[in-house]
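Below you'll find the structure, written out as C-alpha cells, and then a few comments.
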Amino acid sequence: MGALDLTAIRNDFPILHQEVHGQPLVYLDNAASSQKPNLVIDAISDYYRQDNANVHRGVHRLSQRATDAYEAARGKVRGFVNAKSDKEIIFVRGATEAINLVAQSFVRPMLSVGDEILISHMEHHANIVPWQMLCEQTGAKLKVIPMTLTGELDLSGFDTLLTERTKIMAIGHVSNALGTVNPVKDMIAKAHAKNIPVLLDGAQAVPHMAVDVQDLDCDFYVFSGHKMFAPTGIGAMYGKQALLEDMAPWQGGGDMILSVSFEHTQYNELPYKFEAGTPHISGAIGLGAAIDYMNMIGVDKIAQHEHNLLVAATEKVTALDGVRIIGTAQNKASVLSFMIDGVHPHDVGTIFDQQGVAIRTGHHCAQPVMQFFGIPATARASFAFYNTMEEVDALVLGIKKVQELFA
Amino acid sequence: MSSADLRDLYQQVIMDHNKKPRNFHEMDDANHFAHGNNPLCGDALVVYVKLTDGIIEDLSFQGSGCAISVASASLMTEALKGKTIEQAEHLYQQVHAQMTGEEFDANALGKLEVLSGVKEFPARVKCATLSWHTMHTAMDSDHDVSVTTE
C-alpha cells in the first residue's frame, strides 16, 4: 500500500493554504468539521451555475439534470456504506436529524411505559437527548452501557443490559470525544440474538474508515456530510428496507406523497417517504463528490495514514511531562484528547490559535464523558488524511509553548 | 505580534490570580448568590455576595474555569468589596466596555485594566465577563439564580 501524495492532496484543499496570526494554518479540528476539496466546492458551484432546479417534479431539462445528479449522489452513498438498495438511503440534515427520525418514527410507536432504550456513556449529545425526549414522551427508561478509565465500553455487564424490554440500542461507532472505535459488530450480534434493533451513529467513523452496513448488520446507520469533506446541512441515514417500509413518515409535506386529498394522503415510496419538502440538492451532490474524492484517495490508505499520525502524536505527547491523554483505548481513530496540568483547555486553545493551530476545546458535546473523567473540558486534536507529520510536531510544539507560558 | 498579544492576555497579574484566586470560598452568611455557567466551555462558578445597607460587605466565589475567568472573578472580588451597588454597577459597565472595545473610564478601572488584553481575543470575552454577569445577577435577586453566557 503506497503512501499518500500529501502535496497533491493538500493542493486540493484551498483553505489549508493560509496564515492565521502570521503562522501557517494547522487544522486539527476535523472531528468538529472537516475541510472541503475543490472537487466538492466545484460540484456545488457547478450545480448552481448549470443545473439548478427542483427535483422529482419538472419535465424540463434542468429539473431532469438536478434530479439525476441528486439521485446519482444517493447511489454513491449507497455504495459508500455498501447498502443493498438506493431505497435504503435517506438524505437528512445530518446525524442529529437522522437519530431524531429513528427515535420518533421507528422506536416511539413500539414503546410502552417501562421499556428501555440502551445507549452508552460515551455518546455525543445527539445520541443522548433525542432518546431522553422520547423517554419523557413515553415513560420509557434510558439505560447506559458504562465506560472504563481507558475510554472503552465496559461490556462486562452487557448481556444483562440487553433485556426483553430493550427496544433499541443506539451506539456511537467512534467516540467524538475520545476517538474510541467501539466493537460494534459483536455488540450488534448480541443485541440481534435478543431481537433488539441497533442504530449506529457513524458521524465520526465514515471520515476515517470503510463502513459496510451489511457486514455490520446494523439496522440503522447515520452520519453527517460535513465531517467527511462534504457541506454542512446534509447527511444520510441508512435503514434496512423492511424496517423503513413499516415506518410512518417523520415529516409531512411535498415530495413525500403520491396523492393528496382532504380525505386521504397516500405516502410516496422509499426513500422519498422520508424526504418531505425540497431537499438539500446541492448538499447531496456535494456529499456525492466527497465520496468520489475519498474513493479516489482510497479509504484504506486514508485509514492507514491517519493511524500513523495518531500513533506518532500519541507517542510524542505521551513523552511530554505534565500532559495527560484522555481516552487511551486500544482501538482508536483520529482523535487525541488531552489535558495539560494546571492549564484550563480554553487557555490551551487560545495559545494554540495564536500559533496558527486550530484545535477544539470544550466538552465536545459529550458532557457525560467529561463528568466520568472529572474534568470540565479537554483540548482535542483530531486528524484528517490531509494532515502531515509536521503538523503533529506543531501540536507538540504548541503544548510546550503552553507549558512555557504557564510555567 | 501574536506573542505580544498573548503576553497582554496572560499578564503576570492574571497568572497570579489564576494560581492563587482571592476570596475563593463559599460564604455561609451570603444573602445574595448566583450560579454562572458557560455551557460551551464548561466554565462554572458561584458568586456569593453579602449586601448590607446597599454596600457589598463581602464577596467571594467558587468554581472552575480557564485562567481568564478565574482571574477575572478573583480581581472582581477584590475590586468590589466595600463598594455600593451603584459603584459596582458602574464598574461592571466599565469592565464590559473595556473588553468589547467601547469607551470606558480608565481611572475607575484601576487594577482591572489588566483585563484589557481580552479585547484582542473575541472568543474569550465571555470568559472574562462570566463572573461579572453572575455578580450582577446575584445582586438583583434574593434567591439562587443562574446566568448563562455563550
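Each chain in the C-alpha cells gets a letter, A, B and so on, in the order shown; residues start at 1 in every chain, and ligands are counted from 1 in the order they appear.
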Practice task
From the DSSP assignment of the backbone, select every residue of chain B that is strand (DSSP E), and format the answer as a PyMOL selection string.
Solution key: chain B and resi 32-38+43-52+55-64+145-148
Exercise for the section: Compile the contact shell of segment 270-272 of chain A as a ChimeraX atom specification: residues with an atom at most 7 Å away, counting only C-alpha atoms, same-chain residues fewer than 5 positions apart removed. Expected result: /A:87-90,255-256
Problem - Which of chain B DSSP labels alpha helix (DSSP H), written as a PyMOL selection string - result: chain B and resi 2-9+12-19+67-80+85-99+106-109+125-139
Practice task
Considering only C-alpha atoms, extract the chain A residues located within 9 Å of chain B and return them as a VMD selection string.
Solution key: chain A and resid 21 to 22 342 to 347 350 to 351 354 to 355 361 to 365 367 376 to 377 405 to 406
Write the residues of the preceding selection, restricted to N, CA and C atoms, as an mmCIF file, in the first residue's frame.
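And here's part.cif as it stands now:
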data_model
loop_
_atom_site.group_PDB
_atom_site.id
_atom_site.type_symbol
_atom_site.label_atom_id
_atom_site.label_comp_id
_atom_site.auth_asym_id
_atom_site.auth_seq_id
_atom_site.Cartn_x
_atom_site.Cartn_y
_atom_site.Cartn_z
ATOM 1 N N HIS A 21 -2.837 34.364 12.288
ATOM 2 C CA HIS A 21 -1.931 35.087 13.207
ATOM 3 C C HIS A 21 -0.486 35.000 12.724
ATOM 4 N N GLY A 22 -0.301 35.099 11.418
ATOM 5 C CA GLY A 22 1.047 35.117 10.861
ATOM 6 C C GLY A 22 1.736 33.764 10.807
ATOM 7 N N GLY A 342 -2.534 21.912 35.205
ATOM 8 C CA GLY A 342 -2.593 23.286 35.694
ATOM 9 C C GLY A 342 -3.081 24.303 34.674
ATOM 10 N N VAL A 343 -3.481 23.855 33.509
ATOM 11 C CA VAL A 343 -3.943 24.802 32.486
ATOM 12 C C VAL A 343 -5.322 24.368 31.988
ATOM 13 N N HIS A 344 -6.256 25.303 32.008
ATOM 14 C CA HIS A 344 -7.597 25.001 31.506
ATOM 15 C C HIS A 344 -7.548 24.874 29.974
ATOM 16 N N PRO A 345 -8.276 23.913 29.410
ATOM 17 C CA PRO A 345 -8.249 23.706 27.953
ATOM 18 C C PRO A 345 -8.518 24.964 27.135
ATOM 19 N N HIS A 346 -9.310 25.888 27.679
ATOM 20 C CA HIS A 346 -9.589 27.111 26.920
ATOM 21 C C HIS A 346 -8.370 27.959 26.701
ATOM 22 N N ASP A 347 -7.551 28.022 27.739
ATOM 23 C CA ASP A 347 -6.304 28.777 27.596
ATOM 24 C C ASP A 347 -5.412 28.064 26.587
ATOM 25 N N THR A 350 -6.578 28.999 23.042
ATOM 26 C CA THR A 350 -6.198 30.355 22.633
ATOM 27 C C THR A 350 -4.721 30.407 22.257
ATOM 28 N N ILE A 351 -3.879 29.768 23.045
ATOM 29 C CA ILE A 351 -2.439 29.806 22.785
ATOM 30 C C ILE A 351 -2.116 29.036 21.499
ATOM 31 N N GLN A 354 -3.010 31.179 18.478
ATOM 32 C CA GLN A 354 -2.009 32.208 18.192
ATOM 33 C C GLN A 354 -0.833 31.646 17.405
ATOM 34 N N GLN A 355 -0.674 30.315 17.431
ATOM 35 C CA GLN A 355 0.373 29.684 16.635
ATOM 36 C C GLN A 355 -0.158 29.119 15.328
ATOM 37 N N THR A 361 -11.547 22.990 21.955
ATOM 38 C CA THR A 361 -11.511 22.879 23.407
ATOM 39 C C THR A 361 -12.930 22.982 23.920
ATOM 40 N N GLY A 362 -13.220 22.204 24.941
ATOM 41 C CA GLY A 362 -14.569 22.228 25.494
ATOM 42 C C GLY A 362 -15.000 20.823 25.848
ATOM 43 N N HIS A 363 -16.313 20.628 25.933
ATOM 44 C CA HIS A 363 -16.803 19.310 26.346
ATOM 45 C C HIS A 363 -17.162 18.431 25.147
ATOM 46 N N HIS A 364 -17.014 18.977 23.938
ATOM 47 C CA HIS A 364 -17.213 18.213 22.708
ATOM 48 C C HIS A 364 -18.608 17.602 22.616
ATOM 49 N N CYS A 365 -19.598 18.296 23.174
ATOM 50 C CA CYS A 365 -20.974 17.772 23.169
ATOM 51 C C CYS A 365 -21.022 16.363 23.750
ATOM 52 N N GLN A 367 -20.850 15.795 27.513
ATOM 53 C CA GLN A 367 -20.649 16.153 28.923
ATOM 54 C C GLN A 367 -20.563 14.940 29.848
ATOM 55 N N PRO A 376 -13.715 19.461 33.355
ATOM 56 C CA PRO A 376 -14.739 20.311 32.747
ATOM 57 C C PRO A 376 -14.687 20.278 31.226
ATOM 58 N N ALA A 377 -13.528 19.952 30.690
ATOM 59 C CA ALA A 377 -13.327 20.067 29.246
ATOM 60 C C ALA A 377 -11.997 19.401 28.909
ATOM 61 N N LEU A 405 4.440 29.241 28.908
ATOM 62 C CA LEU A 405 3.707 30.435 29.293
ATOM 63 C C LEU A 405 3.109 30.300 30.689
ATOM 64 N N PHE A 406 2.718 29.086 31.029
ATOM 65 C CA PHE A 406 2.066 28.852 32.321
ATOM 66 C C PHE A 406 3.032 28.322 33.374
#
Exercise for the section: Just give me the gap between atom CA of Gly235 of chain A and atom CA of Ala170 of chain A in Å, one decimal is fine. Expected result: 17.6 Å
Practice task
Find the residues around His17 of chain B up to 8 Å (only C-alpha atoms counted), leave out those fewer than 6 positions away in its own chain, and share them as a PyMOL selection string.
Solution key: chain B and resi 70-71+74-75
Would you mind exporting C-alpha atoms of the selected residues as a PDB file, in the first residue's frame?
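File selection-v8.pdb, as written:
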ATOM      1  CA  VAL B  70     -10.808  32.650  37.338  1.00  0.00           C
ATOM      2  CA  ALA B  71      -8.519  35.690  37.361  1.00  0.00           C
ATOM      3  CA  SER B  74     -10.737  36.955  41.663  1.00  0.00           C
ATOM      4  CA  LEU B  75      -9.942  40.533  40.632  1.00  0.00           C
TER       5      LEU B  75
END
Handout entry: Shell of 8 Å around segment 273-284 of chain A, only C-alpha atoms, local chain residues under 6 positions omitted, as a list in words
Key =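 That gives Ile44, Tyr47, Tyr48, Asn54, Val55, Ala66, Tyr70, Ala73, Arg74, Ile90, Phe91, Val92, Arg93, Ala230, Pro231, Thr232, Gly233, Ile234, Gly235, Pro249, Trp250, Gln251, Gly252, Gly253, Gly254, Asp255, Met256, Ile257 and Tyr267 of chain A.
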Keeping only C-alpha atoms, take the residues you just selected and write them out as a CSV table (one decimal), in the first residue's frame.
chain,number,residue,atom,x,y,z
A,44,ILE,CA,-21.7,22.6,-5.6
A,47,TYR,CA,-24.7,22.6,-9.9
A,48,TYR,CA,-25.8,26.2,-9.2
A,54,ASN,CA,-36.2,21.5,-8.3
A,55,VAL,CA,-36.1,17.7,-8.3
A,66,ALA,CA,-30.9,18.2,-11.0
A,70,TYR,CA,-29.4,14.2,-6.7
A,73,ALA,CA,-25.5,11.1,-5.2
A,74,ARG,CA,-27.8,8.7,-3.4
A,90,ILE,CA,-32.5,8.7,3.1
A,91,PHE,CA,-31.0,12.2,2.8
A,92,VAL,CA,-31.2,14.2,6.1
A,93,ARG,CA,-29.7,17.3,7.5
A,230,ALA,CA,-18.9,17.5,2.2
A,231,PRO,CA,-21.0,20.6,3.0
A,232,THR,CA,-22.9,21.3,6.2
A,233,GLY,CA,-26.6,20.6,6.3
A,234,ILE,CA,-26.5,17.3,4.5
A,235,GLY,CA,-26.2,13.8,5.9
A,249,PRO,CA,-43.1,9.3,7.7
A,250,TRP,CA,-41.5,11.7,10.1
A,251,GLN,CA,-42.4,14.9,8.5
A,252,GLY,CA,-45.2,15.6,6.1
A,253,GLY,CA,-45.0,17.8,3.0
A,254,GLY,CA,-44.3,17.9,-0.7
A,255,ASP,CA,-42.3,15.2,-2.4
A,256,MET,CA,-43.2,12.6,0.3
A,257,ILE,CA,-46.6,11.9,-1.2
A,267,TYR,CA,-47.4,8.4,1.0
Problem - Neighbour list for Ser34 of chain A as number ranges by chain, cut-off 10 Å, only C-alpha atoms, skip fewer than 5 positions in-chain - result: A: 27-29, 207, 225-232, 382-384
Could you give me, as a tab-separated table (two decimals) with N, CA, C and O atoms, in the first residue's frame, the residues within 6 Å of Ser224 of chain A, counting only C-alpha atoms and dropping anything in the same chain fewer than 3 positions from it?
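What ended up in part35.tsv:
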chain	number	residue	atom	x	y	z
A	94	GLY	N	-28.34	15.78	8.83
A	94	GLY	CA	-27.12	15.32	9.46
A	94	GLY	C	-27.46	14.17	10.39
A	94	GLY	O	-28.62	13.74	10.48
A	95	ALA	N	-26.45	13.68	11.10
A	95	ALA	CA	-26.66	12.55	12.00
A	95	ALA	C	-27.72	12.88	13.05
A	95	ALA	O	-28.56	12.04	13.40
A	203	ALA	N	-21.09	9.24	12.64
A	203	ALA	CA	-20.58	10.57	12.26
A	203	ALA	C	-19.05	10.64	12.32
A	203	ALA	O	-18.42	11.27	11.47
A	235	GLY	N	-26.66	15.03	5.30
A	235	GLY	CA	-26.18	13.79	5.89
A	235	GLY	C	-27.01	12.68	5.33
A	235	GLY	O	-27.88	12.90	4.49
Problem - Between atom CA of Asn295 of chain A and atom CA of Ile9 of chain A - distance in Å to one decimal - result: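 According to the coordinates, atom CA of Ile9 of chain A and atom CA of Asn295 of chain A are separated by 13.0 Å.
For the atom pair formed by atom CA of Ser105 of chain A and atom CA of Val222 of chain A, the distance is 14.7 Å, given to one decimal.
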Exercise for the section: Write out as a PyMOL selection string each polymer residue whose atoms come within 12 Å of Ala103 of chain A, counting only C-alpha atoms; drop sequence neighbours fewer than 3 positions from it. Expected result: chain A and resi 96-100+106-111+117+126-135+137-138+167-170+197-199+220+247-250
